[in-house]
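Visitor: Shown below is the structure under consideration.
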Amino acid sequence: MDNVDKKLVEIDDSLYREKQGVLYKYILEIVERPLIEHALERTYGNQLKAAKILGINRNTMRTKIKKLGIDPNRWKI
């Protein structure tokens, strides 16, 4: 989670002011893609197992994968 720590440290008062009202969405955009990709990598592209690891519904996982343009087949062996 070093990347997450680094990104959170980058958030200072000016960013809070700049992103006021959309800070949650901004942080989610930074973290969500690498988190989903990491879960897919750990499960060799298995979306159901990745969803279970993340604690989200399988359909939610598929929706996020599609929205983010992630290809789960790249981790399949």
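The way I read the labels, and the way they are meant: chains A, B, ... in the order of the structure tokens, residue 1 as the first residue of every chain, and ligand 1 as the first ligand shown, with later ones counted on from there.
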Among chain A, which ones does DSSP assign to alpha helix (DSSP H) (computed from the backbone)? Answer as a PyMOL selection string.

Guide: chain A and resi 2-10+13-18+23-42+47-54+58-68

Visitor: Would you mind telling me which residue in A:Ile70, A:Gln20, A:Met61, A:Leu15 lies nearest to Gln47 (chain A) when using only C-alpha atoms?

Guide: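 Once distances to Gln47 (chain A) are computed over only C-alpha atoms, the minimum belongs to A:Met61.
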
Visitor: Considering only C-alpha atoms, return as a ChimeraX atom specification whatever protein or nucleic-acid residues lie within 12 Å of Pro34 (chain A), sequence-local ones (same chain, fewer than 4 positions apart) excluded.

Guide: /A:1-4,27-30,38-41,64-65,68,70
